[in-house]
>>> print(open('protein_36.csv').read())   # CSV, C-alpha atoms
chain,number,residue,atom,x,y,z
A,140,MET,CA,22.1,99.6,-115.0
A,141,TYR,CA,22.9,101.5,-111.9
A,142,HIS,CA,25.1,104.4,-112.7
A,143,VAL,CA,24.3,108.1,-113.3
A,144,LEU,CA,27.5,109.3,-115.0
A,145,HIS,CA,28.3,113.0,-114.5
A,146,VAL,CA,30.8,114.6,-116.9
A,147,LEU,CA,32.3,117.5,-115.1
A,148,ARG,CA,35.7,117.9,-116.8
A,149,HIS,CA,35.8,120.7,-119.4
A,150,GLY,CA,37.0,119.7,-122.9
A,151,SER,CA,36.4,115.9,-122.4
A,152,THR,CA,35.7,113.5,-125.2
A,153,LEU,CA,33.3,110.6,-124.9
A,154,THR,CA,33.7,107.6,-127.1
A,155,LYS,CA,32.9,103.9,-127.1
A,156,SER,CA,35.5,101.1,-127.0
A,157,GLU,CA,34.2,97.5,-127.1
A,158,GLY,CA,31.9,97.2,-124.1
A,159,PHE,CA,33.0,100.4,-122.4
A,160,ILE,CA,32.4,104.1,-122.7
A,161,VAL,CA,35.6,106.1,-122.4
A,162,CYS,CA,35.9,109.6,-121.1
A,163,LYS,CA,39.2,111.2,-122.2
A,164,GLY,CA,40.1,114.5,-120.5
A,165,ALA,CA,41.8,117.5,-122.1
A,166,ASP,CA,45.0,116.5,-120.2
A,167,GLY,CA,45.0,113.0,-121.8
A,168,THR,CA,43.8,111.1,-118.8
A,169,GLU,CA,41.1,108.4,-119.4
A,170,GLN,CA,38.4,106.8,-117.4
A,171,SER,CA,36.1,104.0,-118.6
A,172,LEU,CA,32.9,102.3,-117.5
A,173,PRO,CA,30.9,99.4,-119.0
A,174,TYR,CA,28.1,101.1,-120.9
A,175,ALA,CA,25.7,98.4,-119.9
A,176,ASP,CA,26.0,99.8,-116.3
A,177,VAL,CA,24.9,103.3,-117.3
A,178,ARG,CA,21.3,104.5,-116.9
A,179,ALA,CA,22.0,108.2,-117.5
A,180,VAL,CA,24.8,110.5,-118.6
A,181,VAL,CA,24.7,114.1,-117.4
A,182,ILE,CA,27.0,116.4,-119.4
A,183,ALA,CA,27.7,119.3,-117.2
A,184,ALA,CA,30.9,120.7,-118.6
A,185,ARG,CA,32.0,123.0,-121.4
A,186,GLY,CA,33.4,121.8,-124.7
A,187,VAL,CA,32.5,118.2,-124.4
A,188,THR,CA,32.8,116.1,-127.6
A,189,ILE,CA,30.6,113.0,-128.0
A,190,SER,CA,30.9,110.4,-130.7
A,191,SER,CA,28.1,108.7,-132.5
A,192,SER,CA,29.2,105.4,-131.2
A,193,PHE,CA,29.0,106.6,-127.6
A,194,LEU,CA,25.6,108.1,-128.1
A,195,GLY,CA,24.3,105.0,-129.9
A,196,ALA,CA,25.6,102.7,-127.2
A,197,ILE,CA,23.9,104.6,-124.4
A,198,LEU,CA,20.5,104.9,-126.3
A,199,GLU,CA,20.5,101.3,-127.5
A,200,GLY,CA,20.9,100.3,-123.8
A,201,ASP,CA,17.8,102.4,-122.8
A,202,GLY,CA,20.0,105.1,-121.3
A,203,ILE,CA,19.5,108.8,-121.5
A,204,VAL,CA,21.8,111.8,-122.0
A,205,LEU,CA,21.0,115.1,-120.3
A,206,HIS,CA,22.8,118.1,-121.8
A,207,CYS,CA,23.5,121.2,-119.6
A,208,ASN,CA,24.8,124.7,-120.4
A,209,GLU,CA,27.7,126.5,-118.7
A,210,ARG,CA,25.4,127.3,-115.7
A,211,TYR,CA,24.5,123.7,-115.1
A,212,GLN,CA,21.0,124.3,-116.4
A,213,PRO,CA,19.5,121.6,-118.6
A,214,CYS,CA,19.2,122.6,-122.3
A,215,GLY,CA,18.6,119.3,-124.1
A,216,LEU,CA,17.9,115.6,-123.8
A,217,SER,CA,18.9,112.6,-125.9
A,218,ALA,CA,16.5,109.8,-125.3
A,219,PRO,CA,15.8,106.3,-126.8
A,220,LEU,CA,13.0,105.8,-129.1
A,221,ALA,CA,9.6,105.3,-127.5
A,222,ARG,CA,7.9,101.9,-127.8
A,223,ILE,CA,4.6,100.4,-127.0
A,224,VAL,CA,4.9,97.7,-124.3
A,225,ASP,CA,1.2,97.1,-123.6
A,226,ARG,CA,-1.3,98.0,-126.3
A,227,ASN,CA,-4.1,98.4,-123.8
A,228,ALA,CA,-2.1,100.7,-121.6
A,229,CYS,CA,-1.1,102.9,-124.6
A,230,LEU,CA,-4.7,103.2,-125.9
A,231,ALA,CA,-6.1,103.9,-122.4
A,232,GLN,CA,-3.5,106.6,-121.7
A,233,ALA,CA,-4.2,108.3,-125.1
A,234,ALA,CA,-7.9,108.3,-124.4
A,235,ARG,CA,-7.2,110.6,-121.3
A,236,PRO,CA,-9.7,108.9,-118.9
A,237,GLU,CA,-10.7,111.8,-116.6
A,238,LYS,CA,-11.9,109.7,-113.6
A,239,LEU,CA,-8.9,107.4,-113.6
A,240,ASN,CA,-6.5,110.3,-114.0
A,241,ALA,CA,-8.2,112.2,-111.2
A,242,ARG,CA,-7.7,109.2,-108.9
A,243,ILE,CA,-4.1,108.7,-110.0
A,244,TRP,CA,-3.3,112.4,-109.5
A,245,ASN,CA,-4.9,112.3,-106.0
A,246,ALA,CA,-2.6,109.4,-105.1
A,247,PHE,CA,0.4,111.3,-106.4
A,248,LEU,CA,-0.5,114.4,-104.5
A,249,ARG,CA,-1.1,112.6,-101.2
A,250,ARG,CA,2.2,110.8,-101.4
A,251,LYS,CA,4.0,114.0,-102.3
A,252,THR,CA,2.5,115.8,-99.2
A,253,GLU,CA,3.4,112.8,-97.0
A,254,ASN,CA,7.0,113.0,-98.2
A,255,GLN,CA,7.1,116.7,-97.7
A,256,ILE,CA,6.0,116.2,-94.1
A,257,ARG,CA,8.7,113.6,-93.7
A,258,VAL,CA,11.4,116.0,-95.0
A,259,LEU,CA,10.3,118.7,-92.5
A,260,ARG,CA,10.3,116.2,-89.6
A,261,GLU,CA,13.8,115.2,-90.4
A,262,LEU,CA,14.7,118.9,-90.2
A,263,GLU,CA,12.9,119.0,-86.8
A,264,ILE,CA,10.2,121.3,-88.3
A,265,SER,CA,6.5,120.7,-87.4
A,266,SER,CA,4.0,121.2,-90.1
A,267,PRO,CA,0.5,121.1,-88.6
A,268,ARG,CA,-1.0,122.9,-91.6
A,269,LEU,CA,0.2,120.2,-94.0
A,270,GLU,CA,-0.9,117.4,-91.6
A,271,ARG,CA,-4.4,119.0,-91.4
A,272,ALA,CA,-4.6,119.3,-95.2
A,273,LEU,CA,-3.6,115.6,-95.5
A,274,ALA,CA,-6.3,114.5,-93.1
A,275,SER,CA,-9.1,116.8,-94.2
A,276,GLY,CA,-9.7,115.5,-97.7
A,277,PRO,CA,-9.0,116.9,-101.2
A,278,LEU,CA,-5.5,118.6,-101.3
A,279,HIS,CA,-4.8,122.0,-102.7
A,280,GLU,CA,-1.5,121.6,-104.4
A,281,GLY,CA,-0.6,125.3,-104.4
A,282,ASP,CA,-1.4,125.9,-100.7
A,283,CYS,CA,0.6,122.8,-99.7
A,284,ALA,CA,3.6,123.9,-101.8
A,285,LYS,CA,3.6,127.4,-100.3
A,286,THR,CA,3.4,126.0,-96.8
A,287,TYR,CA,6.2,123.5,-97.4
A,288,TRP,CA,8.7,126.0,-99.0
A,289,ARG,CA,8.1,128.6,-96.3
A,290,LEU,CA,9.2,126.1,-93.8
A,291,PHE,CA,12.0,124.4,-95.8
A,292,PHE,CA,13.9,127.3,-97.3
A,293,PRO,CA,14.7,129.2,-94.1
A,294,ARG,CA,16.4,126.1,-92.7
A,295,LEU,CA,18.9,126.3,-95.6
A,296,GLY,CA,19.7,129.9,-94.9
A,297,SER,CA,17.3,131.5,-97.3
A,298,ASN,CA,15.0,134.1,-95.7
A,299,SER,CA,12.6,134.5,-98.6
A,300,LEU,CA,11.6,132.2,-101.4
A,301,ARG,CA,11.2,135.3,-103.6
A,302,ALA,CA,14.6,136.8,-103.0
A,303,ARG,CA,16.2,135.0,-105.8
A,304,SER,CA,18.8,137.7,-106.5
A,305,SER,CA,20.7,136.8,-103.3
A,306,GLU,CA,23.8,134.6,-103.6
A,307,THR,CA,22.3,132.1,-101.0
A,308,ASN,CA,19.0,131.8,-102.8
A,309,CYS,CA,20.6,131.5,-106.3
A,310,GLY,CA,22.8,128.7,-105.0
A,311,ILE,CA,19.8,126.8,-103.4
A,312,ASN,CA,17.7,127.2,-106.5
A,313,HIS,CA,20.4,126.2,-108.9
A,314,ARG,CA,21.1,123.1,-107.0
A,315,LEU,CA,17.5,122.1,-106.6
A,316,ASN,CA,16.9,122.7,-110.4
A,317,TYR,CA,19.9,120.6,-111.3
A,318,GLY,CA,18.8,117.8,-109.0
A,319,TYR,CA,15.3,117.9,-110.4
A,320,ALA,CA,16.7,117.9,-113.9
A,321,VAL,CA,18.5,114.7,-113.3
A,322,LEU,CA,15.4,113.2,-111.7
A,323,SER,CA,13.3,114.3,-114.7
A,324,ALA,CA,15.7,112.6,-117.1
A,325,LEU,CA,15.4,109.3,-115.2
A,326,CYS,CA,11.6,109.6,-115.2
A,327,HIS,CA,11.5,110.4,-118.9
A,328,ARG,CA,13.6,107.3,-119.6
A,329,SER,CA,11.5,105.1,-117.5
A,330,LEU,CA,8.2,106.2,-119.0
A,331,LEU,CA,9.6,105.5,-122.5
A,332,ILE,CA,10.8,102.0,-121.7
A,333,HIS,CA,7.5,101.1,-120.1
A,334,GLY,CA,5.5,102.2,-123.1
A,335,LEU,CA,3.9,105.4,-121.8
A,336,SER,CA,4.0,108.7,-123.7
A,337,PRO,CA,5.4,111.6,-121.8
A,338,LEU,CA,3.1,113.9,-123.8
A,339,PHE,CA,-0.1,112.8,-122.1
A,340,GLY,CA,-0.1,114.0,-118.5
A,341,VAL,CA,-2.2,112.9,-115.6
A,342,GLN,CA,-2.7,116.4,-114.3
A,343,HIS,CA,-0.2,118.8,-116.1
A,344,THR,CA,-1.5,120.1,-119.5
A,345,THR,CA,0.3,119.4,-122.7
A,346,ARG,CA,2.0,122.5,-124.0
A,347,TYR,CA,4.7,123.4,-126.5
A,348,ARG,CA,8.0,121.8,-125.7
A,349,THR,CA,6.8,120.1,-122.6
A,350,HIS,CA,6.5,116.6,-121.3
A,351,PRO,CA,3.7,116.8,-118.8
A,352,LEU,CA,3.7,113.1,-117.6
A,353,VAL,CA,7.3,113.5,-116.6
A,354,TYR,CA,6.4,116.4,-114.3
A,355,ASP,CA,3.5,114.4,-112.9
A,356,VAL,CA,5.7,111.3,-112.1
A,357,MET,CA,8.3,113.5,-110.5
A,358,GLU,CA,6.0,114.9,-107.9
A,359,PRO,CA,6.5,112.3,-105.1
A,360,PHE,CA,10.2,112.0,-106.0
A,361,ARG,CA,11.1,115.6,-105.7
A,362,GLN,CA,11.3,115.5,-101.9
A,363,PHE,CA,14.2,113.0,-102.2
A,364,VAL,CA,16.2,115.8,-103.9
A,365,ASP,CA,15.1,118.2,-101.3
A,366,ARG,CA,16.5,115.9,-98.6
A,367,MET,CA,19.7,115.5,-100.5
A,368,LEU,CA,20.1,119.3,-100.4
A,369,ALA,CA,19.3,119.6,-96.7
A,370,GLU,CA,22.0,117.0,-96.0
A,371,PHE,CA,24.6,118.5,-98.3
A,372,PRO,CA,27.2,120.6,-96.5
A,373,PRO,CA,27.5,124.1,-97.9
A,374,HIS,CA,30.2,124.5,-100.7
A,375,PRO,CA,30.4,127.9,-102.4
A,376,GLY,CA,31.2,128.6,-106.0
A,377,GLU,CA,31.7,126.3,-109.0
A,378,GLU,CA,33.6,123.7,-107.0
A,379,GLY,CA,30.6,123.5,-104.7
A,380,MET,CA,28.3,122.9,-107.7
A,381,LYS,CA,30.5,120.1,-108.9
A,382,GLU,CA,30.4,118.5,-105.5
A,383,TRP,CA,26.6,118.8,-105.5
A,384,CYS,CA,26.5,117.1,-109.0
A,385,LYS,CA,28.5,114.2,-107.6
A,386,HIS,CA,26.3,114.1,-104.5
A,387,VAL,CA,23.2,113.8,-106.5
A,388,GLY,CA,24.5,111.0,-108.6
A,389,ALA,CA,25.7,109.1,-105.5
A,390,SER,CA,22.5,109.6,-103.6
A,391,LEU,CA,20.3,108.4,-106.5
A,392,ARG,CA,22.4,105.3,-106.6
A,393,GLU,CA,22.7,104.6,-102.9
A,394,CYS,CA,19.3,105.9,-101.4
A,395,ARG,CA,16.8,103.1,-100.9
A,396,VAL,CA,13.1,103.1,-100.4
A,397,HIS,CA,10.8,100.4,-99.0
A,398,HIS,CA,8.5,98.3,-101.2
A,399,PRO,CA,5.9,95.9,-99.8
A,400,ARG,CA,8.1,92.9,-100.8
A,401,TYR,CA,11.7,94.4,-100.7
A,402,SER,CA,13.9,97.4,-100.4
A,403,ILE,CA,14.9,99.0,-103.7
A,404,LYS,CA,17.2,101.7,-104.9
A,405,LEU,CA,15.7,105.1,-105.6
A,406,MET,CA,16.6,104.8,-109.3
A,407,ASP,CA,14.8,101.5,-109.4
A,408,ALA,CA,11.8,102.9,-107.6
A,409,ILE,CA,11.3,105.3,-110.6
A,410,ASP,CA,11.0,102.2,-112.8
A,411,VAL,CA,8.6,100.5,-110.5
A,412,THR,CA,6.4,103.6,-110.3
A,413,CYS,CA,6.3,104.0,-114.1
A,414,LYS,CA,5.6,100.3,-114.6
A,415,SER,CA,2.8,100.4,-112.0
A,416,LEU,CA,1.4,103.5,-113.8
A,417,ALA,CA,1.3,101.6,-117.1
A,418,ASP,CA,-0.5,98.8,-115.3
A,419,CYS,CA,-3.1,101.3,-114.0
A,420,TYR,CA,-3.9,102.3,-117.6
A,421,ALA,CA,-3.9,98.7,-118.8
A,422,ALA,CA,-6.3,97.7,-116.0
A,423,ARG,CA,-8.2,101.0,-116.0
A,424,SER,CA,-7.8,101.0,-112.3
A,425,VAL,CA,-5.7,102.9,-109.7
A,426,SER,CA,-5.1,99.8,-107.7
A,427,PRO,CA,-1.8,98.7,-109.3
A,428,LEU,CA,-0.2,102.2,-108.6
A,429,TRP,CA,2.9,102.2,-106.3
A,430,LEU,CA,4.6,105.4,-105.2
A,431,PRO,CA,7.7,105.8,-103.0
A,432,ALA,CA,7.3,106.7,-99.4
A,433,MET,CA,10.2,108.3,-97.5
A,434,ALA,CA,11.5,106.1,-94.7
>>> encode(input="protein_36.csv", output="C-alpha cells")
Amino acid sequence: MYHVLHVLRHGSTLTKSEGFIVCKGADGTEQSLPYADVRAVVIAARGVTISSSFLGAILEGDGIVLHCNERYQPCGLSAPLARIVDRNACLAQAARPEKLNARIWNAFLRRKTENQIRVLRELEISSPRLERALASGPLHEGDCAKTYWRLFFPRLGSNSLRARSSETNCGINHRLNYGYAVLSALCHRSLLIHGLSPLFGVQHTTRYRTHPLVYDVMEPFRQFVDRMLAEFPPHPGEEGMKEWCKHVGASLRECRVHHPRYSIKLMDAIDVTCKSLADCYAARSVSPLWLPAMA
C-alpha cells in the first residue's frame, strides 16, 4: 500500500470493479487503481458519490477515507475497525502510565524541535533560541512553537501569524491545515492497525470528538508538511489548492527518511513509529520508540 489517492474532480463516482477502484468523472472518463495499493483516499471535491463496495474494499484493506468540504477542510473520516494486536500494549496504554507517557512525550517534543530547526536551516534561517532550548533541558512546547512560526511564516510571505484575514495568510493556513489533515488520517490509520486506541493520548487530553493520540503522533511529522509548503511554488486560487493537494500526495509517497537499518518512505515511517509506540507500552519502556529525523 503506497498510494494516497486525492479525488479532485467534482461530480465523480467511486466504485469497485474486481481488484480495482474506479473513479468515473462527470464527463464519463474513467481512471482505475488496484485497491490493494491504496493507503488513504482523500475526497476533496463536491458532489462525489461513493459506493458501499468501494468503501468496503478500502476499509477491509486497512485504508482510510478522509472527507473534506467545499473549502478543502476535513469534515469526516471513515476508518477500519480498531483491533488489539498486543494485549499487553493495549492494557498498558489504557492504564495511562504517567512516567512512561512523560518520557515518550519528551522524546516526541525533542524530535519535533530538532525537525523544526532543520526546516529553518533549509530556509537559511538561524534559530539560536530553539537550539538553546534543545540543549538546556526540559522543552516548553508553546515557546518553541512561537519561536518557530515567527521565523517560518515570514519566509512564505506572511508578515504576521495573527493576520489570518489576509489572502496570503489564508492560503498558507489552508494549505498547512490540508496537509496536516492528510497526515492525521495516515496516523489514525496506523494507530488502529497496530492496536493502539487514538482516544488515549500521551500528552493531549481526551475531549469530546477528539483523538488525542493522533495529535501526539503527528508532532514530529508536521515539519515534513511545513517543508513541503516551503518548497511548493506559489499558485493562487482553487487551481493552486488542487496543485497543493497533488503535491502533498506525491511528497508523502516519495519523501524518504533514514532508519538505523534502512531508508524508508515517509508514509511507512508513520507505521514504524506507531509500531514502536505500541512496543513501548508492551515493554513499559521508552527504549523501543523510533521517531523520524529530517535528513
>>> residues_around(input="protein_36.csv", residues="segment 229-232 of chain A", least_positions_apart="3", cutoff="10 Å", atoms="all atoms listed in the file", output="PyMOL selection string")
chain A and resi 222-226+235-236+239-240+333-336+339-341+416-417+419-423
>>> residues_around(input="protein_36.csv", residues="segment 196-211 of chain A", least_positions_apart="2", cutoff="7 Å", atoms="all atoms listed in the file", output="list in words")
Tyr174, Ala175, Val177, Arg178, Ala179, Val180, Val181, Ile182, Ala183, Ala184, Arg185, Ser192, Phe193, Leu194, Pro213, Cys214, Gly215, Leu216, Ser217, Ala218, Pro219, Tyr317, Ala324 and Arg328 of chain A
>>> atom_distance(input="protein_36.csv", atom1="atom CA of Gln362 of chain A", atom2="atom CA of Leu269 of chain A")
14.4 Å
>>> atom_distance(input="protein_36.csv", atom1="atom CA of Ile189 of chain A", atom2="atom CA of Leu153 of chain A")
4.8 Å
>>> residues_near_point(input="protein_36.csv", point="(6.5, 113.1, -105.5)", cutoff="8 Å", atoms="all atoms listed in the file", output="list of chain:residue names")
A:Phe247, A:Leu248, A:Arg250, A:Lys251, A:Thr252, A:Asn254, A:Val356, A:Met357, A:Glu358, A:Pro359, A:Phe360, A:Arg361, A:Gln362, A:Leu430, A:Pro431
>>> atom_distance(input="protein_36.csv", atom1="atom CA of Pro372 of chain A", atom2="atom CA of Arg289 of chain A")
20.7 Å
>>> residues_around(input="protein_36.csv", residues="Ser171 of chain A", least_positions_apart="3", cutoff="7 Å", atoms="only C-alpha atoms", output="compact mmCIF listing (two decimals) with C-alpha atoms, keeping the file's coordinate frame")
# COMPACT_ATOMS: atom_id res chain seq x y z
CA PHE A 159 33.00 100.40 -122.40
CA ILE A 160 32.40 104.10 -122.70
CA VAL A 161 35.60 106.10 -122.40
CA CYS A 162 35.90 109.60 -121.10
>>> closest_residue(input="protein_36.csv", among="A:Ser191, A:Thr344, A:Gln212, A:Ser156", to="Asn316 of chain A", atoms="only C-alpha atoms")
A:Gln212
>>> closest_residue(input="protein_36.csv", among="A:Gly186, A:Pro351, A:Gly379, A:Pro173", to="Val146 of chain A", atoms="all atoms listed in the file")
A:Gly186
>>> residues_near_point(input="protein_36.csv", point="(18.6, 102.5, -105.6)", cutoff="6 Å", atoms="only C-alpha atoms", output="list in words")
Arg392, Glu393, Cys394, Arg395, Ile403, Lys404, Leu405, Met406 and Asp407 of chain A
>>> residues_around(input="protein_36.csv", residues="Gly310 of chain A", least_positions_apart="6", cutoff="9 Å", atoms="only C-alpha atoms", output="number ranges by chain")
A: 375-376, 380
>>> residues_around(input="protein_36.csv", residues="Pro427 of chain A", least_positions_apart="2", cutoff="8 Å", atoms="only C-alpha atoms", output="PyMOL selection string")
chain A and resi 415-416+418-419+424-425+429
>>> closest_residue(input="protein_36.csv", among="A:Val353, A:Ala228, A:Arg294, A:Arg268", to="Asp282 of chain A", atoms="all atoms listed in the file")
A:Arg268
>>> closest_residue(input="protein_36.csv", among="A:Ala320, A:Ile311, A:Glu253, A:Glu263", to="Cys283 of chain A", atoms="all atoms listed in the file")
A:Glu253
>>> decode(input="protein_36.csv", residues="segment 380-410 of chain A", atoms="C-alpha atoms", output="tab-separated table (two decimals), in the first residue's frame")
chain	number	residue	atom	x	y	z
A	380	MET	CA	-5.10	24.41	-3.99
A	381	LYS	CA	-5.61	21.45	-6.31
A	382	GLU	CA	-1.92	21.51	-7.21
A	383	TRP	CA	-1.10	21.61	-3.50
A	384	CYS	CA	-3.29	18.54	-2.87
A	385	LYS	CA	-1.40	16.64	-5.57
A	386	HIS	CA	1.92	17.85	-4.18
A	387	VAL	CA	1.06	16.57	-0.69
A	388	GLY	CA	0.15	13.13	-2.03
A	389	ALA	CA	3.29	12.85	-4.15
A	390	SER	CA	5.56	14.09	-1.37
A	391	LEU	CA	4.17	11.64	1.19
A	392	ARG	CA	4.84	8.84	-1.27
A	393	GLU	CA	8.27	9.96	-2.47
A	394	CYS	CA	9.88	11.56	0.61
A	395	ARG	CA	12.22	9.22	2.45
A	396	VAL	CA	13.64	9.25	5.97
A	397	HIS	CA	16.60	7.44	7.47
A	398	HIS	CA	16.16	4.48	9.79
A	399	PRO	CA	19.12	2.80	11.56
A	400	ARG	CA	18.82	-0.20	9.23
A	401	TYR	CA	17.39	1.28	6.02
A	402	SER	CA	15.83	4.24	4.25
A	403	ILE	CA	12.03	4.24	4.27
A	404	LYS	CA	9.22	6.24	2.73
A	405	LEU	CA	7.60	8.87	4.92
A	406	MET	CA	4.26	7.02	4.80
A	407	ASP	CA	5.99	3.86	6.02
A	408	ALA	CA	7.78	5.85	8.72
A	409	ILE	CA	4.37	6.59	10.26
A	410	ASP	CA	3.75	2.85	10.55
